[in-house]
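Data first, discussion second: the structure below is written as structure tokens.
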Amino acid sequence: MVEITNEQRDIRIEKEKELERMGINPYPHIYRPTHTSSLLNEENKDLPNDTEKEELVKVAGRIRAIRNSGMFMDIYDKDGKIQIFSSLQHLPEEELKVLSLLDIGDIIGIEGTIKRTKRGELSVVSQKITVLAKSLQVLPEKYHGLTDVEMKYRQRYVDMIVNKETIESLINRSKIMTSVRQTFLDKGLLEVETPILHPIKGGATAKPFVTHHNALDADLFLRVAPELYLKRLIVGGMEGVFEMGRVFRNEGIDTRHNPEFTILEVYWKYKDYYDMMDLFEEVVRNACLATHGTLKIEFDGHEIDFEKPFERRSMDSLVKEHTGVDFLAIKTDKDAVEAAHRLGVKVEGDQNWGQALVSVFEEKCEGYLIQPTHVMNHPISNSPLTKTNREDDRLVERFETYINGWEMCNAYTELTNPIDQRARLEDQVRQAKEGNEEADGILDEDFVTALEYGLPPTGGLGIGIDRLVMILTGNLSIRDVIAFPTLRQK
RNA sequence: GAGCGUGUAGCUCAGCUGGUAGAGCACUUGACUUUUAAUCAGGGGGCCCAGGGUUCGAAUCCCUGCACGCUCACCA
């Protein structure tokens with residue numbers, strides 16, 4: 001960022017130089033505070049008004065407010081505010097000089113005694129001021145804060161300093177990731193890593209990013225899903241594995257999509273999709289407790305209840321409930337497309353029964369699924385990696401859990417039959433040749449070979465971590481839960 | 001990718017049917033001193049997103065571009 005003129009920055013640089021002329025390094029190597037704001041408050045919660053203690057403490061933080069010509073300063077550390085009281089009559093000349101060179105935004109350390117003022121504000125009475133980082137940039141206004149969304153995302157550090165909700169969301173993101181990880185580790189599942197650079201795109205229907213390896217002179221795809229590698233680990237003998245990591249999809253950007261996002265995938269031997277429903281519910285409950293301490297939360301004006309078991313509904317039953325149309329009674333692709341058209345749902349004429357069902361579901365049902373709901377039994381046509389439903393061979397054993405109308409996860413009883421798998425992937429290749437950009441154009445032979453060695457019955461679950469964080473932090477935009485969301489270069 | 005909207009001081013925003021800029025916070029000088037959006041008085045600070053055009057004259061009207069937001073499309 002190139003500043004042409006900035007008077008206030010020039011003044012701050014001059015103050016920085018003045019500190020150096022006084023023999024003070026405004027960017028020292030180390031400072032060790034003895035107290036955080038919360039510890040200070042905890043230890044002195046019973047200190048009466050207008051009393052001072054003799055104990056010397058050291059605190060540190062960023063100056064956010066200066067009042068009464070420096071007599072009062074508010075500094076903030078990770079836990080909150082500490083008021084600094086500087087008695088202008090009692091501080092030595094040198095300290096007064098340093099005080100006069102401070103600005104809002106500077107990070108300072110204060111050594112002094114503890115006092116509660118007449119008005120009841122716990123304060124540190126400064127005896128020694130140490131500049132820890134002279135700030136050369138002016139912070140946004142204290143009252144309105146930073147509202148320019150572009151600057152919020154481009155200079156997230158400023159947003160974090162000024163807007164408490166921003167740093168809190170990012171802290172909660174970290175807590176949620178820890179909770180999710182711990183839920184799996186507690187069950188004995190192994191955290192693993194698989195390639196991000198894929199020679200063949202696979203594992204999800206999505207447009208990939210393509211990159212190039214010079215020494216190999218080969219194009220590689222940034223992964224759209226880790227699925228096919230994780231299943232190989234199950235073939236190899238691991239009992240259960242999970243990976244939490246970044247995947248990349250070359251698609252549009254909006255409030256619910258970022259080109260790179262965090263997915264968690266877990267595969268567990270001798271489990272099916274019913275087990276994955278229980279597993280997902282446990283993951284969500286633990287993460288909710290880790291961030292809220294309760295299982296009922298408010299989101300976008302709705303109370304969302306994670307306490308009771310999530311509703312389990314088949315896709316066709318939801319469609320029937322909201323439209324009156326029973327897709328299971330429809331036998332041909334043509335009739336299915338016509339049924340969709342009668343409901344006002346746009347479906348291409350050449351689409352099949354399953355695509356029509358999914359389209360109607362997405363348009364007519366999704367929005368109603370505010371409370372956690374497992375939507376089960378998708379049509380087979382767009383689930384190439386899923387085992388056929390044991391009760392209806394037009395369907396598969398798959399579910400997606402919806403919260404607030406958003407798809408939060410995607411889980412299967414994994415397809416393990418290598419012959420069936422080959423046929424389904426060959427169908428994808430056929431679709432790709434017909435122009436479907438998201439279908440996999442090259443069959444991952446090695447993956448099918450792995451299945452030929454024998455994949456035991458396995459349950460798999462993929463969770464959109466960013467969306468889980470959104471729900472649990474009350475954020476309506478995915479950009480607010482990703483520290484550095486993708487933006488155009490300026 | 002399409003439609004709509006926004007872009008003015010470090011930040012938050014005014015700026016009418018065109019006459020080359022204002023406020024609050026912040027900064028600065030001074031006053032004051034137990035304040036907590038401290039207060040009071042003075043002062044400084046603008047490539048008005050960029051480039052074209054219309055006009056005697058453009059922050060303002062028109063065109064093009066850039067960035068961001070919202071809605072839609074694709075998707076998780």
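By convention here, the chains of the structure tokens are called A, B, ... in the order presented, each chain's residues are numbered starting at 1, and ligands are numbered starting at 1 in the order presented.
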Each residue of chain A lying at most 8 Å from chain B should get a row with its shortest atom-to-atom pair and the distance in Å to one decimal, counting only C-alpha atoms (C1' of nucleotides); could you produce that, ordered by chain and increasing number, as a Markdown table?
```
| residue | atom | partner | partner_atom | distance |
| --- | --- | --- | --- | --- |
| A:Asn6 | CA | B:G10 | C1' | 7.5 |
| A:Glu7 | CA | B:G45 | C1' | 6.6 |
| A:Gln8 | CA | B:C27 | C1' | 5.9 |
| A:Arg67 | CA | B:A38 | C1' | 6.1 |
| A:Asn68 | CA | B:U35 | C1' | 6.5 |
| A:Met71 | CA | B:U35 | C1' | 7.9 |
| A:Phe72 | CA | B:U35 | C1' | 6.4 |
| A:Thr117 | CA | B:U34 | C1' | 6.8 |
| A:Lys118 | CA | B:U34 | C1' | 6.8 |
| A:Arg119 | CA | B:U34 | C1' | 7.4 |
| A:Gln137 | CA | B:G10 | C1' | 7.4 |
| A:Val138 | CA | B:G10 | C1' | 5.2 |
| A:Leu139 | CA | B:G10 | C1' | 7.1 |
| A:Pro140 | CA | B:C11 | C1' | 4.1 |
| A:Glu141 | CA | B:C11 | C1' | 4.8 |
| A:Lys142 | CA | B:C25 | C1' | 7.3 |
| A:Tyr143 | CA | B:A37 | C1' | 6.3 |
| A:His144 | CA | B:U12 | C1' | 5.8 |
| A:Gly145 | CA | B:C11 | C1' | 7.3 |
| A:Leu146 | CA | B:C11 | C1' | 6.9 |
| A:Val149 | CA | B:C68 | C1' | 7.4 |
| A:Glu150 | CA | B:C68 | C1' | 5.6 |
| A:Ala206 | CA | B:C75 | C1' | 7.4 |
| A:Glu251 | CA | B:C74 | C1' | 6.6 |
| A:Gly252 | CA | B:C74 | C1' | 6.6 |
| A:His257 | CA | B:A76 | C1' | 7.2 |
| A:Glu407 | CA | B:A76 | C1' | 6.9 |
| A:Met408 | CA | B:A76 | C1' | 7.6 |
| A:Gly464 | CA | B:A76 | C1' | 6.4 |
| A:Arg488 | CA | B:A67 | C1' | 7.9 |
| A:Lys490 | CA | B:A67 | C1' | 6.7 |
```
* 8 Å contact set for A:Leu136, only C-alpha atoms (C1' of nucleotides), chain neighbours under 6 positions out, as a PyMOL selection string -> chain A and resi 9+12-13
* Any chance you could list, as an MDAnalysis selection string, the residues in stretch 131-319 of chain A that come up helix (DSSP H, G or I) when DSSP is run on the backbone? => chainID A and resid 149:154 156:162 164:185 227:235 273:292 315:319
* **Test item: residues at most 10 Å from A:Asp272, only C-alpha atoms (C1' of nucleotides), excluding those fewer than 3 positions along its chain, as JSON, numbers by chain** => {"A": [267, 268, 269, 275, 276, 277, 387, 397, 398, 411, 412, 413, 414, 457, 458, 459, 460, 461]}
* Asked: Which one is closest to A:Thr34: A:Glu20, A:Met376, A:Glu111, A:Leu228? Count only C-alpha atoms.
  -> A:Glu111
* Asked: Expressed in Å to a single decimal, how great is the separation between atom CA of A:Ala133 and atom CA of A:Ser100?
  ->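 Between atom CA of A:Ala133 and atom CA of A:Ser100 the gap works out to 15.2 Å.
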Excluding stretch 293-302 of chain A and any residue of its chain fewer than 2 positions from it, enumerate the residues within 9 Å of it, using only C-alpha atoms (C1' of nucleotides), and give them as a PDB file with N, CA and C atoms, in the first residue's frame.
```pdb
ATOM      1  N   ARG A 285     -22.121 -31.540  18.376  1.00  0.00           N
ATOM      2  CA  ARG A 285     -22.422 -31.247  19.780  1.00  0.00           C
ATOM      3  C   ARG A 285     -21.154 -30.854  20.536  1.00  0.00           C
ATOM      4  N   ASN A 286     -20.079 -31.612  20.320  1.00  0.00           N
ATOM      5  CA  ASN A 286     -18.834 -31.281  21.023  1.00  0.00           C
ATOM      6  C   ASN A 286     -18.333 -29.895  20.638  1.00  0.00           C
ATOM      7  N   CYS A 288     -20.070 -27.419  19.535  1.00  0.00           N
ATOM      8  CA  CYS A 288     -20.985 -26.410  20.079  1.00  0.00           C
ATOM      9  C   CYS A 288     -20.703 -26.183  21.556  1.00  0.00           C
ATOM     10  N   LEU A 289     -20.481 -27.268  22.280  1.00  0.00           N
ATOM     11  CA  LEU A 289     -20.156 -27.126  23.702  1.00  0.00           C
ATOM     12  C   LEU A 289     -18.834 -26.394  23.885  1.00  0.00           C
ATOM     13  N   ALA A 290     -17.885 -26.661  22.991  1.00  0.00           N
ATOM     14  CA  ALA A 290     -16.568 -26.030  23.108  1.00  0.00           C
ATOM     15  C   ALA A 290     -16.648 -24.517  22.906  1.00  0.00           C
ATOM     16  N   THR A 291     -17.607 -24.076  22.127  1.00  0.00           N
ATOM     17  CA  THR A 291     -17.694 -22.642  21.838  1.00  0.00           C
ATOM     18  C   THR A 291     -18.798 -21.943  22.625  1.00  0.00           C
ATOM     19  N   ILE A 304     -31.431 -22.720  17.147  1.00  0.00           N
ATOM     20  CA  ILE A 304     -31.064 -24.008  16.578  1.00  0.00           C
ATOM     21  C   ILE A 304     -30.738 -24.947  17.727  1.00  0.00           C
ATOM     22  N   ASP A 305     -31.360 -26.112  17.674  1.00  0.00           N
ATOM     23  CA  ASP A 305     -31.297 -27.053  18.793  1.00  0.00           C
ATOM     24  C   ASP A 305     -30.472 -28.279  18.401  1.00  0.00           C
ATOM     25  N   PHE A 306     -29.306 -28.404  19.036  1.00  0.00           N
ATOM     26  CA  PHE A 306     -28.459 -29.572  18.760  1.00  0.00           C
ATOM     27  C   PHE A 306     -28.647 -30.660  19.813  1.00  0.00           C
ATOM     28  N   GLU A 307     -29.517 -30.389  20.771  1.00  0.00           N
ATOM     29  CA  GLU A 307     -29.653 -31.297  21.901  1.00  0.00           C
ATOM     30  C   GLU A 307     -30.388 -32.584  21.507  1.00  0.00           C
ATOM     31  N   ILE A 370     -34.022 -25.718   8.648  1.00  0.00           N
ATOM     32  CA  ILE A 370     -33.302 -24.851   9.590  1.00  0.00           C
ATOM     33  C   ILE A 370     -32.730 -25.683  10.729  1.00  0.00           C
ATOM     34  N   GLN A 371     -33.566 -26.506  11.339  1.00  0.00           N
ATOM     35  CA  GLN A 371     -33.077 -27.386  12.408  1.00  0.00           C
ATOM     36  C   GLN A 371     -32.268 -28.523  11.786  1.00  0.00           C
ATOM     37  N   ASN A 404     -29.743 -24.640   9.111  1.00  0.00           N
ATOM     38  CA  ASN A 404     -30.019 -23.308   8.582  1.00  0.00           C
ATOM     39  C   ASN A 404     -30.149 -23.318   7.055  1.00  0.00           C
ATOM     40  N   ILE A 471     -21.934 -21.383  11.479  1.00  0.00           N
ATOM     41  CA  ILE A 471     -23.109 -21.646  12.317  1.00  0.00           C
ATOM     42  C   ILE A 471     -22.787 -21.388  13.788  1.00  0.00           C
ATOM     43  N   LEU A 472     -21.615 -21.841  14.210  1.00  0.00           N
ATOM     44  CA  LEU A 472     -21.284 -21.771  15.638  1.00  0.00           C
ATOM     45  C   LEU A 472     -20.724 -20.416  16.053  1.00  0.00           C
ATOM     46  N   THR A 473     -20.433 -19.538  15.080  1.00  0.00           N
ATOM     47  CA  THR A 473     -19.955 -18.205  15.445  1.00  0.00           C
ATOM     48  C   THR A 473     -20.947 -17.129  15.034  1.00  0.00           C
ATOM     49  N   GLY A 474     -22.062 -17.535  14.439  1.00  0.00           N
ATOM     50  CA  GLY A 474     -23.085 -16.559  14.078  1.00  0.00           C
ATOM     51  C   GLY A 474     -22.749 -15.700  12.877  1.00  0.00           C
ATOM     52  N   ASN A 475     -21.841 -16.163  12.034  1.00  0.00           N
ATOM     53  CA  ASN A 475     -21.451 -15.373  10.869  1.00  0.00           C
ATOM     54  C   ASN A 475     -22.212 -15.796   9.620  1.00  0.00           C
ATOM     55  N   LEU A 476     -22.706 -14.803   8.869  1.00  0.00           N
ATOM     56  CA  LEU A 476     -23.480 -15.086   7.653  1.00  0.00           C
ATOM     57  C   LEU A 476     -22.597 -15.146   6.410  1.00  0.00           C
TER      58      LEU A 476
END
```
* Shell around A:Thr323 at 12 Å using only C-alpha atoms (C1' of nucleotides), local window under 6 positions removed, as a list in words ->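 Those residues are Asp316, Ser317, Ala339, Ala340, Arg342, Leu343, Gly344, Val345, Leu357, Val360, Phe361, Glu363, Lys364 and Cys365 of chain A.
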Store the residues picked out above, limited to N, CA and C atoms, as a compact mmCIF listing (two decimals), in the first residue's frame.
```txt
# COMPACT_ATOMS: atom_id res chain seq x y z
N ASP A 316 -36.80 -38.23 -0.83
CA ASP A 316 -38.10 -38.32 -1.50
C ASP A 316 -39.24 -37.94 -0.55
N SER A 317 -39.10 -38.28 0.74
CA SER A 317 -40.19 -37.96 1.67
C SER A 317 -40.28 -36.45 1.89
N ALA A 339 -42.68 -33.86 -14.03
CA ALA A 339 -43.15 -33.56 -12.67
C ALA A 339 -42.44 -32.32 -12.13
N ALA A 340 -41.13 -32.25 -12.38
CA ALA A 340 -40.35 -31.08 -11.94
C ALA A 340 -40.87 -29.82 -12.61
N ARG A 342 -43.81 -29.24 -13.77
CA ARG A 342 -45.12 -28.86 -13.22
C ARG A 342 -44.97 -28.10 -11.90
N LEU A 343 -43.88 -28.38 -11.18
CA LEU A 343 -43.64 -27.69 -9.91
C LEU A 343 -42.91 -26.36 -10.11
N GLY A 344 -42.62 -26.05 -11.38
CA GLY A 344 -41.94 -24.80 -11.67
C GLY A 344 -40.44 -24.88 -11.44
N VAL A 345 -39.90 -26.08 -11.41
CA VAL A 345 -38.47 -26.26 -11.21
C VAL A 345 -37.80 -26.44 -12.56
N LEU A 357 -35.15 -35.25 -9.28
CA LEU A 357 -35.47 -35.33 -7.84
C LEU A 357 -34.59 -34.38 -7.04
N VAL A 360 -35.59 -30.69 -7.60
CA VAL A 360 -36.82 -30.33 -6.89
C VAL A 360 -36.52 -30.20 -5.39
N PHE A 361 -35.73 -31.13 -4.87
CA PHE A 361 -35.37 -31.06 -3.46
C PHE A 361 -34.66 -29.74 -3.15
N GLU A 363 -34.67 -26.92 -4.71
CA GLU A 363 -35.45 -25.70 -4.87
C GLU A 363 -36.61 -25.62 -3.89
N LYS A 364 -37.20 -26.76 -3.54
CA LYS A 364 -38.45 -26.72 -2.76
C LYS A 364 -38.29 -27.11 -1.30
N CYS A 365 -37.18 -27.70 -0.93
CA CYS A 365 -37.07 -28.23 0.44
C CYS A 365 -35.94 -27.63 1.26
```
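Take atom CA of A:Ala483 and atom C1' of B:C49: the distance between them is 25.6 Å.
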* Asked: So what do you get for atom CA of A:Ile478 versus atom CA of A:Gly202, distance-wise?
  ->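 Separation of atom CA of A:Ile478 and atom CA of A:Gly202: 24.7 Å.
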